[in-house]
$ cat start22.txt   # compact mmCIF, C-alpha atoms and all ligand atoms
# COMPACT_ATOMS: atom_id res chain seq x y z
CA MET L 109 0.00 0.00 0.00
CA THR L 110 1.12 3.56 -0.61
CA ALA L 111 2.06 5.71 2.36
CA ALA L 112 -0.03 8.10 4.43
CA ILE L 113 1.55 11.29 5.76
CA VAL L 114 0.06 12.53 9.04
CA THR L 115 1.20 16.03 10.01
CA GLY L 116 1.07 16.93 13.67
CA GLY L 117 1.47 13.19 14.05
CA ALA L 118 3.15 13.56 17.44
CA GLY L 119 0.08 15.29 18.88
CA GLU L 120 -2.84 13.61 20.57
CA ILE L 121 -5.19 13.42 17.59
CA GLY L 122 -2.37 12.93 15.07
CA ALA L 123 -0.93 9.97 17.00
CA ALA L 124 -4.38 8.38 17.16
CA VAL L 125 -4.81 8.86 13.41
CA GLY L 126 -1.38 7.33 12.76
CA ARG L 127 -2.15 4.39 15.05
CA ARG L 128 -5.47 3.76 13.29
CA LEU L 129 -4.09 4.05 9.75
CA ALA L 130 -1.19 1.73 10.61
CA ARG L 131 -3.71 -0.78 11.94
CA ASP L 132 -5.61 -0.47 8.66
CA GLY L 133 -2.46 -1.42 6.75
CA TRP L 134 -1.03 1.95 5.76
CA THR L 135 2.67 2.77 5.91
CA VAL L 136 2.42 5.86 8.09
CA VAL L 137 4.87 8.77 7.94
CA VAL L 138 4.55 10.60 11.26
CA VAL L 139 5.42 14.25 10.63
CA ASP L 140 5.87 16.83 13.36
CA ARG L 141 8.12 19.69 14.35
CA ALA L 142 8.59 17.73 17.59
CA GLY L 143 10.88 15.17 16.01
CA ASP L 144 11.61 13.16 19.15
CA VAL L 145 7.94 12.60 19.94
CA ALA L 146 7.23 11.79 16.29
CA ALA L 147 9.99 9.17 16.45
CA ARG L 148 8.41 7.59 19.54
CA VAL L 149 4.99 7.44 17.86
CA ALA L 150 6.51 5.99 14.68
CA THR L 151 8.31 3.30 16.65
CA GLU L 152 5.10 2.41 18.48
CA ILE L 153 3.02 2.05 15.30
CA GLY L 154 5.74 0.65 13.04
CA GLY L 155 5.91 3.73 10.82
CA GLU L 156 8.49 6.35 9.88
CA ALA L 157 9.12 9.70 11.54
CA ARG L 158 10.09 12.97 9.90
CA GLN L 159 10.87 16.23 11.70
CA VAL L 160 9.24 18.87 9.53
CA ASP L 161 7.95 22.37 10.16
CA THR L 162 4.76 22.35 8.08
CA THR L 163 4.90 26.13 7.65
CA ASP L 164 8.17 25.82 5.71
CA ARG L 165 7.66 25.39 1.96
CA GLU L 166 10.98 23.72 1.24
CA GLN L 167 10.60 21.21 4.06
CA VAL L 168 7.05 20.32 3.00
CA GLU L 169 8.00 19.94 -0.66
CA ALA L 170 11.01 17.78 0.22
CA LEU L 171 8.85 15.59 2.46
CA VAL L 172 6.23 15.00 -0.23
CA ARG L 173 8.85 14.32 -2.92
CA ASP L 174 10.62 11.84 -0.68
CA VAL L 175 7.46 9.92 0.21
CA VAL L 176 6.32 9.90 -3.43
CA ASP L 177 9.71 8.52 -4.52
CA ARG L 178 10.07 5.87 -1.82
CA HIS L 179 6.50 4.66 -1.28
CA GLY L 180 4.04 6.50 -3.46
CA LEU L 181 1.74 8.93 -1.68
CA GLY L 182 -1.74 7.56 -1.00
CA ALA L 183 -2.98 9.94 1.66
CA LEU L 184 -2.05 13.22 3.30
CA VAL L 185 -3.67 14.16 6.59
CA ASN L 186 -3.10 17.87 7.26
CA ASN L 187 -3.58 17.79 11.02
CA ALA L 188 -0.85 20.03 12.50
CA GLY L 189 -2.44 22.96 14.28
CA ILE L 190 -2.29 25.30 17.25
CA GLU L 191 -5.00 27.04 19.25
CA GLY L 192 -3.31 30.44 19.72
CA ALA L 193 -4.50 32.85 22.36
CA VAL L 194 -7.82 32.98 24.17
CA ARG L 195 -8.40 36.74 24.21
CA PRO L 196 -11.15 39.15 23.13
CA LEU L 197 -10.56 40.62 19.66
CA GLY L 198 -9.65 44.06 21.03
CA ASP L 199 -6.85 42.48 22.99
CA TYR L 200 -5.78 39.68 20.60
CA PRO L 201 -2.03 39.96 19.86
CA GLU L 202 -1.30 40.47 16.16
CA ASP L 203 1.75 38.21 16.22
CA VAL L 204 -0.30 35.38 17.71
CA PHE L 205 -2.96 35.86 15.02
CA GLU L 206 -0.28 35.67 12.32
CA GLY L 207 1.25 32.61 13.92
CA VAL L 208 -2.07 30.76 14.08
CA MET L 209 -2.86 31.59 10.45
CA ARG L 210 0.63 30.52 9.41
CA THR L 211 0.43 27.17 11.21
CA ASN L 212 -3.20 26.29 10.63
CA VAL L 213 -3.79 27.73 7.14
CA HIS L 214 -0.46 28.18 5.39
CA SER L 215 0.57 24.62 6.32
CA VAL L 216 -2.57 23.22 4.72
CA PHE L 217 -2.02 25.36 1.61
CA LEU L 218 1.58 24.16 1.32
CA GLY L 219 0.57 20.54 1.82
CA LEU L 220 -2.16 20.75 -0.81
CA ARG L 221 0.10 22.54 -3.26
CA ALA L 222 2.91 20.03 -2.85
CA ALA L 223 0.78 16.87 -2.90
CA LEU L 224 -2.00 17.53 -5.41
CA PRO L 225 0.09 17.46 -8.61
CA HIS L 226 1.48 14.03 -7.65
CA LEU L 227 -1.91 12.61 -6.74
CA MET L 228 -3.61 14.01 -9.84
CA GLU L 229 -0.88 12.66 -12.08
CA ARG L 230 -1.52 9.21 -10.61
CA GLY L 231 -5.28 9.66 -10.62
CA SER L 232 -5.75 8.50 -7.02
CA GLY L 233 -5.14 9.54 -3.45
CA VAL L 234 -6.92 11.33 -0.66
CA ILE L 235 -6.24 14.47 1.35
CA VAL L 236 -7.94 15.03 4.68
CA ASN L 237 -7.70 18.46 6.27
CA VAL L 238 -8.34 18.48 10.00
CA ALA L 239 -10.40 21.63 10.54
CA SER L 240 -12.79 21.96 13.49
CA THR L 241 -16.39 22.83 14.21
CA SER L 242 -14.76 26.26 14.73
CA GLY L 243 -14.54 26.18 10.91
CA ILE L 244 -18.31 26.51 10.56
CA ARG L 245 -19.34 28.46 13.66
CA GLY L 246 -18.08 31.30 15.79
CA ARG L 247 -16.55 31.10 19.22
CA ALA L 248 -15.81 34.15 21.36
CA ASN L 249 -12.20 34.94 22.26
CA LEU L 250 -10.67 32.58 19.67
CA ALA L 251 -10.24 34.93 16.69
CA GLY L 252 -7.14 33.31 15.25
CA TYR L 253 -8.34 29.76 15.66
CA VAL L 254 -11.86 30.34 14.32
CA ALA L 255 -10.63 32.40 11.35
CA SER L 256 -7.99 29.80 10.53
CA LYS L 257 -10.36 26.85 10.65
CA HIS L 258 -12.90 28.66 8.42
CA ALA L 259 -10.00 29.13 5.99
CA VAL L 260 -9.18 25.41 6.13
CA VAL L 261 -12.78 24.61 5.19
CA GLY L 262 -12.51 27.10 2.33
CA LEU L 263 -9.27 25.61 1.05
CA THR L 264 -10.87 22.18 1.19
CA LYS L 265 -13.75 23.36 -1.03
CA VAL L 266 -11.38 24.86 -3.61
CA ALA L 267 -9.22 21.74 -3.71
CA ALA L 268 -12.25 19.43 -3.93
CA LEU L 269 -13.54 21.28 -6.99
CA GLU L 270 -10.12 21.22 -8.63
CA VAL L 271 -9.77 17.44 -8.21
CA ALA L 272 -13.38 16.49 -8.93
CA GLY L 273 -13.50 13.65 -11.45
CA THR L 274 -9.76 12.94 -11.34
CA GLY L 275 -9.88 10.04 -8.86
CA VAL L 276 -8.41 12.24 -6.14
CA ARG L 277 -10.53 13.39 -3.20
CA VAL L 278 -10.11 16.20 -0.67
CA ASN L 279 -12.27 16.36 2.44
CA ALA L 280 -12.27 18.05 5.83
CA VAL L 281 -12.86 16.52 9.24
CA LEU L 282 -14.46 18.92 11.69
CA PRO L 283 -14.05 17.64 15.25
CA GLY L 284 -15.99 19.23 18.06
CA PRO L 285 -14.28 19.32 21.45
CA ILE L 286 -12.10 16.25 21.95
CA GLU L 287 -10.56 15.32 25.32
CA THR L 288 -7.02 16.64 24.73
CA ARG L 289 -4.47 19.17 25.97
CA MET L 290 -5.66 21.64 23.31
CA ILE L 291 -9.26 21.73 24.53
CA ARG L 292 -8.09 21.97 28.14
CA ALA L 293 -5.93 24.99 27.20
CA ILE L 294 -8.86 26.67 25.44
CA ASN L 295 -11.15 25.97 28.39
CA ASP L 296 -8.60 27.24 30.92
CA GLY L 297 -8.25 30.48 28.94
CA THR L 298 -12.02 30.85 28.69
CA HIS L 299 -12.44 30.28 32.43
CA ALA L 300 -9.77 32.85 33.20
CA LEU L 301 -11.60 35.45 31.08
CA ALA L 302 -15.13 34.70 32.18
CA GLY L 303 -14.34 33.83 35.78
CA ALA L 304 -17.01 31.15 35.59
CA GLU L 305 -17.59 27.66 34.30
CA VAL L 306 -18.85 28.50 30.81
CA ALA L 307 -16.59 26.54 28.54
CA ARG L 308 -18.28 23.22 29.07
CA ALA L 309 -21.69 24.51 28.06
CA ALA L 310 -22.03 21.78 25.45
CA THR L 311 -24.83 19.38 26.22
CA VAL L 312 -23.06 16.41 24.63
CA PRO L 313 -19.98 14.63 25.95
CA TYR L 314 -16.58 15.45 24.50
CA GLY L 315 -15.24 13.08 21.89
CA ARG L 316 -12.17 10.88 22.02
CA VAL L 317 -9.15 11.03 19.72
CA GLU L 318 -10.16 7.62 18.37
CA ASP L 319 -13.42 9.14 17.10
CA VAL L 320 -11.49 11.55 14.89
CA ALA L 321 -9.14 8.77 13.78
CA ALA L 322 -12.11 6.61 12.74
CA ALA L 323 -13.49 9.44 10.59
CA VAL L 324 -10.13 9.96 8.91
CA ALA L 325 -9.81 6.20 8.33
CA HIS L 326 -13.18 6.19 6.62
CA LEU L 327 -12.37 9.19 4.42
CA VAL L 328 -9.11 7.63 3.17
CA SER L 329 -10.76 4.27 2.51
CA PRO L 330 -12.34 3.19 -0.78
CA ASP L 331 -15.72 3.18 1.03
CA ALA L 332 -15.59 6.98 0.81
CA ARG L 333 -15.11 6.96 -2.96
CA HIS L 334 -17.98 9.42 -3.48
CA LEU L 335 -17.01 11.81 -0.65
CA ASN L 336 -15.27 14.90 -1.97
CA GLY L 337 -15.39 18.38 -0.44
CA ALA L 338 -17.23 16.99 2.59
CA GLU L 339 -17.35 18.74 5.93
CA TYR L 340 -17.27 15.61 8.04
CA VAL L 341 -18.44 16.81 11.46
CA VAL L 342 -17.37 14.61 14.41
CA ASP L 343 -18.94 16.29 17.41
CA GLY L 344 -21.59 14.05 18.93
CA GLY L 345 -24.22 16.52 17.75
CA SER L 346 -23.05 19.64 19.61
CA THR L 347 -23.01 21.82 16.48
CA VAL L 348 -26.66 21.25 15.70
CA ALA L 349 -27.78 22.36 19.17
N1 LIG G 401 -8.35 18.86 20.53
C1 LIG G 401 -9.54 19.24 20.07
O1 LIG G 401 -10.52 19.31 20.81
C2 LIG G 401 -9.69 19.59 18.61
C3 LIG G 401 -10.97 19.89 18.13
C4 LIG G 401 -11.12 20.23 16.78
C5 LIG G 401 -10.00 20.26 15.96
N2 LIG G 401 -8.77 19.97 16.45
C6 LIG G 401 -7.63 20.03 15.54
O2 LIG G 401 -6.98 18.77 15.52
C7 LIG G 401 -5.59 18.96 15.21
C8 LIG G 401 -4.74 18.25 16.26
O3 LIG G 401 -5.05 18.77 17.53
P1 LIG G 401 -4.56 18.08 18.91
O4 LIG G 401 -5.65 18.28 19.90
O5 LIG G 401 -4.06 16.72 18.65
O6 LIG G 401 -3.38 19.08 19.31
P2 LIG G 401 -1.87 18.78 19.78
O7 LIG G 401 -1.33 20.07 20.27
O8 LIG G 401 -1.85 17.58 20.70
O9 LIG G 401 -1.17 18.33 18.41
C9 LIG G 401 -0.80 19.23 17.42
C10 LIG G 401 0.52 18.76 16.87
O10 LIG G 401 0.87 19.63 15.76
C11 LIG G 401 2.26 19.87 15.84
N3 LIG G 401 2.58 21.11 15.14
C12 LIG G 401 2.15 22.35 15.43
N4 LIG G 401 2.69 23.23 14.58
C13 LIG G 401 3.48 22.53 13.72
C14 LIG G 401 4.31 22.87 12.63
N5 LIG G 401 4.46 24.15 12.24
N6 LIG G 401 4.97 21.89 11.99
C15 LIG G 401 4.84 20.60 12.37
N7 LIG G 401 4.06 20.22 13.42
C16 LIG G 401 3.41 21.17 14.08
C17 LIG G 401 2.56 19.96 17.32
O11 LIG G 401 3.94 19.76 17.61
C18 LIG G 401 1.67 18.86 17.89
O12 LIG G 401 2.36 17.61 17.96
C19 LIG G 401 -5.37 20.48 15.18
O13 LIG G 401 -5.40 20.93 13.84
C20 LIG G 401 -6.56 21.01 15.95
O14 LIG G 401 -6.88 22.34 15.59
C21 LIG G 401 -8.59 19.63 17.76
$ encode --input "start22.txt" --output "structure tokens"
Amino acid sequence: MTAAIVTGGAGEIGAAVGRRLARDGWTVVVVDRAGDVAARVATEIGGEARQVDTTDREQVEALVRDVVDRHGLGALVNNAGIEGAVRPLGDYPEDVFEGVMRTNVHSVFLGLRAALPHLMERGSGVIVNVASTSGIRGRANLAGYVASKHAVVGLTKVAALEVAGTGVRVNAVLPGPIETRMIRAINDGTHALAGAEVARAATVPYGRVEDVAAAVAHLVSPDARHLNGAEYVVDGGSTVA
């Protein structure tokens, strides 16, 4: 089988995605700027690790070229992301906003741009962009994160239209809150601002990293052959409340 690249593969969701895809038979390339953690995850799941900053064009292009040459690229999961600050807009630091857009949006753009020509030339392959339910709804005090995830959904739509009918598919997974460090950081910031327990207002339980991994596994499988440009919401129903 061709290889699957998982960016942010050393993180909580990324590691779960890598674990699941390895179990499904993929050769998984665990990509993260945290190279030591990526190496540990790769060893655990029997994959390969690559230390890459996904905001760096040359590093991303070299990564894709290398995987194409050595394995063939079957799937790219653009999962690396950061939450940024939890601050009201009037107080949101510009450099943090730029950093969140660079990590969450520019990385996805660079991944799409590097991978799509290879996949389209072969006429197969799947890209999954890990957005968030913050890509289709607002959330106070998270300007950078919400703006960036809306942009990821937008990039997914553009890419899906460009690949339609070629055998390549591009979809987005939109997790709601998942029990992870990232959601705890967002909640802690929200509590500090509001001085009250407001962050856990959702009426449905938080998801698990395995729930996101299962959605990604489905999207990269042949069962999802007719899914292109999908906004695959994995939130237990919280967004429809
Ligand atoms: N945790 C949630 O509740 C939740 C909900 C919806 C969406 N998401 C999205 O899921 C993805 C993974 O989130 P997570 O909870 O596992 O977070 P995490 O912080 O555990 O993992 C993110 C990983 O991305 C890596 N990373 C960040 N910037 C990078 C860069 N420039 N180059 C390479 N690697 C980089 C980090 O080192 C880290 O290993 C993110 O895109 C996040 O926005 C998370």
$ closest_residue --input "start22.txt" --among "L:Val238, L:Leu250, L:Ala255, L:Val114" --to "ligand LIG 401 (chain G)" --atoms "all atoms listed in the file"
L:Val238
$ residues_near_point --input "start22.txt" --point "(-13.1, 35.9, 17.8)" --cutoff "10 Å" --atoms "all atoms listed in the file" --output "list in words"
Val194, Arg195, Pro196, Leu197, Gly198, Tyr200, Gly246, Arg247, Ala248, Asn249, Leu250, Ala251, Gly252, Tyr253, Val254 and Ala255 of chain L
$ axis_aligned_box --input "start22.txt" --around "segment 111-122 of chain L" --padding-each-side "3 Å" --output "AutoDock Vina command-line options"
--center_x -1.0 --center_y 11.3 --center_z 11.5 --size_x 14.3 --size_y 17.2 --size_z 24.2
$ atom_distance --input "start22.txt" --atom1 "atom CA of Val271 of chain L" --atom2 "atom CA of Gly180 of chain L"
18.2 Å
$ closest_atom_pairs --input "start22.txt" --of "chain L" --to "ligand LIG 401 (chain G)" --cutoff "8 Å" --atoms "only C-alpha atoms and all ligand atoms" --output "CSV"
residue,atom,partner,partner_atom,distance
L:Thr115,CA,G:LIG401,N7,6.1
L:Gly116,CA,G:LIG401,O10,3.4
L:Gly117,CA,G:LIG401,O12,6.0
L:Ala118,CA,G:LIG401,O12,4.2
L:Gly119,CA,G:LIG401,O9,3.3
L:Glu120,CA,G:LIG401,O5,3.9
L:Ile121,CA,G:LIG401,O5,3.6
L:Gly122,CA,G:LIG401,O5,5.5
L:Ala123,CA,G:LIG401,O5,7.6
L:Val139,CA,G:LIG401,C15,6.6
L:Asp140,CA,G:LIG401,N7,3.8
L:Arg141,CA,G:LIG401,C15,3.9
L:Ala142,CA,G:LIG401,O11,5.1
L:Val145,CA,G:LIG401,O12,7.8
L:Ala146,CA,G:LIG401,O12,7.8
L:Gln159,CA,G:LIG401,C15,7.5
L:Val160,CA,G:LIG401,C15,5.5
L:Asp161,CA,G:LIG401,N6,3.5
L:Thr162,CA,G:LIG401,N6,3.9
L:Thr163,CA,G:LIG401,N5,5.0
L:Asp164,CA,G:LIG401,N5,7.7
L:Asn186,CA,G:LIG401,O13,7.6
L:Asn187,CA,G:LIG401,O13,4.6
L:Ala188,CA,G:LIG401,O10,3.7
L:Gly189,CA,G:LIG401,O13,3.6
L:Ile190,CA,G:LIG401,C12,5.6
L:Glu191,CA,G:LIG401,O14,6.2
L:Arg210,CA,G:LIG401,N5,8.0
L:Thr211,CA,G:LIG401,N5,5.1
L:Asn212,CA,G:LIG401,O13,6.6
L:Ser215,CA,G:LIG401,N5,7.1
L:Val238,CA,G:LIG401,O13,5.4
L:Ala239,CA,G:LIG401,C5,5.6
L:Ser240,CA,G:LIG401,C4,4.1
L:Thr241,CA,G:LIG401,C4,6.4
L:Ser242,CA,G:LIG401,C4,7.3
L:Tyr253,CA,G:LIG401,O14,7.6
L:Lys257,CA,G:LIG401,O14,7.5
L:Leu282,CA,G:LIG401,C4,6.2
L:Pro283,CA,G:LIG401,C4,4.2
L:Gly284,CA,G:LIG401,C3,5.1
L:Pro285,CA,G:LIG401,O1,3.8
L:Ile286,CA,G:LIG401,O1,3.6
L:Glu287,CA,G:LIG401,O1,6.0
L:Thr288,CA,G:LIG401,N1,4.9
L:Arg289,CA,G:LIG401,O8,6.1
L:Met290,CA,G:LIG401,N1,4.8
L:Ile291,CA,G:LIG401,O1,4.6
L:Gly315,CA,G:LIG401,O1,7.9
L:Val317,CA,G:LIG401,O5,7.7
$ write_last_selection --input "start22.txt" --atoms "C-alpha atoms" --output "PDB file, in the coordinates of the input"
ATOM      1  CA  THR L 115       1.200  16.030  10.010  1.00  0.00           C
ATOM      2  CA  GLY L 116       1.070  16.930  13.670  1.00  0.00           C
ATOM      3  CA  GLY L 117       1.470  13.190  14.050  1.00  0.00           C
ATOM      4  CA  ALA L 118       3.150  13.560  17.440  1.00  0.00           C
ATOM      5  CA  GLY L 119       0.080  15.290  18.880  1.00  0.00           C
ATOM      6  CA  GLU L 120      -2.840  13.610  20.570  1.00  0.00           C
ATOM      7  CA  ILE L 121      -5.190  13.420  17.590  1.00  0.00           C
ATOM      8  CA  GLY L 122      -2.370  12.930  15.070  1.00  0.00           C
ATOM      9  CA  ALA L 123      -0.930   9.970  17.000  1.00  0.00           C
ATOM     10  CA  VAL L 139       5.420  14.250  10.630  1.00  0.00           C
ATOM     11  CA  ASP L 140       5.870  16.830  13.360  1.00  0.00           C
ATOM     12  CA  ARG L 141       8.120  19.690  14.350  1.00  0.00           C
ATOM     13  CA  ALA L 142       8.590  17.730  17.590  1.00  0.00           C
ATOM     14  CA  VAL L 145       7.940  12.600  19.940  1.00  0.00           C
ATOM     15  CA  ALA L 146       7.230  11.790  16.290  1.00  0.00           C
ATOM     16  CA  GLN L 159      10.870  16.230  11.700  1.00  0.00           C
ATOM     17  CA  VAL L 160       9.240  18.870   9.530  1.00  0.00           C
ATOM     18  CA  ASP L 161       7.950  22.370  10.160  1.00  0.00           C
ATOM     19  CA  THR L 162       4.760  22.350   8.080  1.00  0.00           C
ATOM     20  CA  THR L 163       4.900  26.130   7.650  1.00  0.00           C
ATOM     21  CA  ASP L 164       8.170  25.820   5.710  1.00  0.00           C
ATOM     22  CA  ASN L 186      -3.100  17.870   7.260  1.00  0.00           C
ATOM     23  CA  ASN L 187      -3.580  17.790  11.020  1.00  0.00           C
ATOM     24  CA  ALA L 188      -0.850  20.030  12.500  1.00  0.00           C
ATOM     25  CA  GLY L 189      -2.440  22.960  14.280  1.00  0.00           C
ATOM     26  CA  ILE L 190      -2.290  25.300  17.250  1.00  0.00           C
ATOM     27  CA  GLU L 191      -5.000  27.040  19.250  1.00  0.00           C
ATOM     28  CA  ARG L 210       0.630  30.520   9.410  1.00  0.00           C
ATOM     29  CA  THR L 211       0.430  27.170  11.210  1.00  0.00           C
ATOM     30  CA  ASN L 212      -3.200  26.290  10.630  1.00  0.00           C
ATOM     31  CA  SER L 215       0.570  24.620   6.320  1.00  0.00           C
ATOM     32  CA  VAL L 238      -8.340  18.480  10.000  1.00  0.00           C
ATOM     33  CA  ALA L 239     -10.400  21.630  10.540  1.00  0.00           C
ATOM     34  CA  SER L 240     -12.790  21.960  13.490  1.00  0.00           C
ATOM     35  CA  THR L 241     -16.390  22.830  14.210  1.00  0.00           C
ATOM     36  CA  SER L 242     -14.760  26.260  14.730  1.00  0.00           C
ATOM     37  CA  TYR L 253      -8.340  29.760  15.660  1.00  0.00           C
ATOM     38  CA  LYS L 257     -10.360  26.850  10.650  1.00  0.00           C
ATOM     39  CA  LEU L 282     -14.460  18.920  11.690  1.00  0.00           C
ATOM     40  CA  PRO L 283     -14.050  17.640  15.250  1.00  0.00           C
ATOM     41  CA  GLY L 284     -15.990  19.230  18.060  1.00  0.00           C
ATOM     42  CA  PRO L 285     -14.280  19.320  21.450  1.00  0.00           C
ATOM     43  CA  ILE L 286     -12.100  16.250  21.950  1.00  0.00           C
ATOM     44  CA  GLU L 287     -10.560  15.320  25.320  1.00  0.00           C
ATOM     45  CA  THR L 288      -7.020  16.640  24.730  1.00  0.00           C
ATOM     46  CA  ARG L 289      -4.470  19.170  25.970  1.00  0.00           C
ATOM     47  CA  MET L 290      -5.660  21.640  23.310  1.00  0.00           C
ATOM     48  CA  ILE L 291      -9.260  21.730  24.530  1.00  0.00           C
ATOM     49  CA  GLY L 315     -15.240  13.080  21.890  1.00  0.00           C
ATOM     50  CA  VAL L 317      -9.150  11.030  19.720  1.00  0.00           C
TER      51      VAL L 317
END
$ closest_residue --input "start22.txt" --among "L:Ile235, L:Leu129, L:Met209, L:Ala349" --to "Val320 of chain L" --atoms "all atoms listed in the file"
L:Leu129
$ atom_distance --input "start22.txt" --atom1 "atom CA of Arg127 of chain L" --atom2 "atom CA of Val324 of chain L"
11.5 Å
$ closest_residue --input "start22.txt" --among "L:Arg131, L:His258, L:His226, L:Arg292" --to "Glu169 of chain L" --atoms "only C-alpha atoms"
L:His226
$ closest_residue --input "start22.txt" --among "L:Leu327, L:Ile153, L:Ala183, L:Val341" --to "Leu227 of chain L" --atoms "all atoms listed in the file"
L:Ala183
$ atom_distance --input "start22.txt" --atom1 "atom CA of Leu269 of chain L" --atom2 "atom CA of Val175 of chain L"
24.9 Å
$ closest_residue --input "start22.txt" --among "L:Gly155, L:Gly192, L:Gly231, L:Gly143" --to "Gly297 of chain L" --atoms "all atoms listed in the file"
L:Gly192
$ residues_around --input "start22.txt" --residues "Arg230 of chain L" --least-positions-apart "5" --cutoff "12 Å" --atoms "all atoms listed in the file" --output "list in words"
Thr110, Val176, Gly180, Leu181, Gly182, Ala223, Leu224, Pro225, Val271, Thr274, Gly275 and Val276 of chain L
$ closest_residue --input "start22.txt" --among "L:Ala193, L:Pro330, L:Val208, L:Glu229" --to "Ile294 of chain L" --atoms "all atoms listed in the file"
L:Ala193
$ residues_near_point --input "start22.txt" --point "(-6.1, 7.7, 22.7)" --cutoff "7 Å" --atoms "all atoms listed in the file" --output "PyMOL selection string"
chain L and resi 124+316-318
